[in-house]
Amino acid sequence: MSALTPVERTERRRQQRRRELIRWGIRILIVLLVFSLGVALGQAIQDNPKPGRTVTWDRTLHLPTAGNPGSTITP
């Protein structure tokens with residue numbers, strides 16, 4: 001077993017800290033991803049109409065008129 005020099009110890013600590021930060025970053029990203037998917041799923045479930053409910057659509061039909069549309073006099 002060989003003793004590490006102070007420089008080697010410092011380098012190993014830096015590598016260990018870096019690895020730990022990367023692990024925590026990945027954990028946080030996974031938690032945020034799962035949370036986002038949960039929110040999206042909740043919104044999708046809430047936005048769907050309930051079965052058996054009547055959904056009514058109102059739309060105005062615009063028909064093209066013959067002649068000048070501003071004229072009210074018919075010859």
# chains A, B, ... in the order shown; residues from 1 in each chain; ligands from 1
$ select_by_dssp --residues "chain A" --states "alpha helix (DSSP H)" --output "ChimeraX atom specification"
/A:6-47
$ atom_distance --atom1 "CA of Glu8 in chain A" --atom2 "CA of Leu21 in chain A"
19.9 Å
$ atom_distance --atom1 "CA of Gly52 in chain A" --atom2 "CA of Gly38 in chain A"
26.1 Å
$ atom_distance --atom1 "CA of Glu20 in chain A" --atom2 "CA of Pro6 in chain A"
21.0 Å
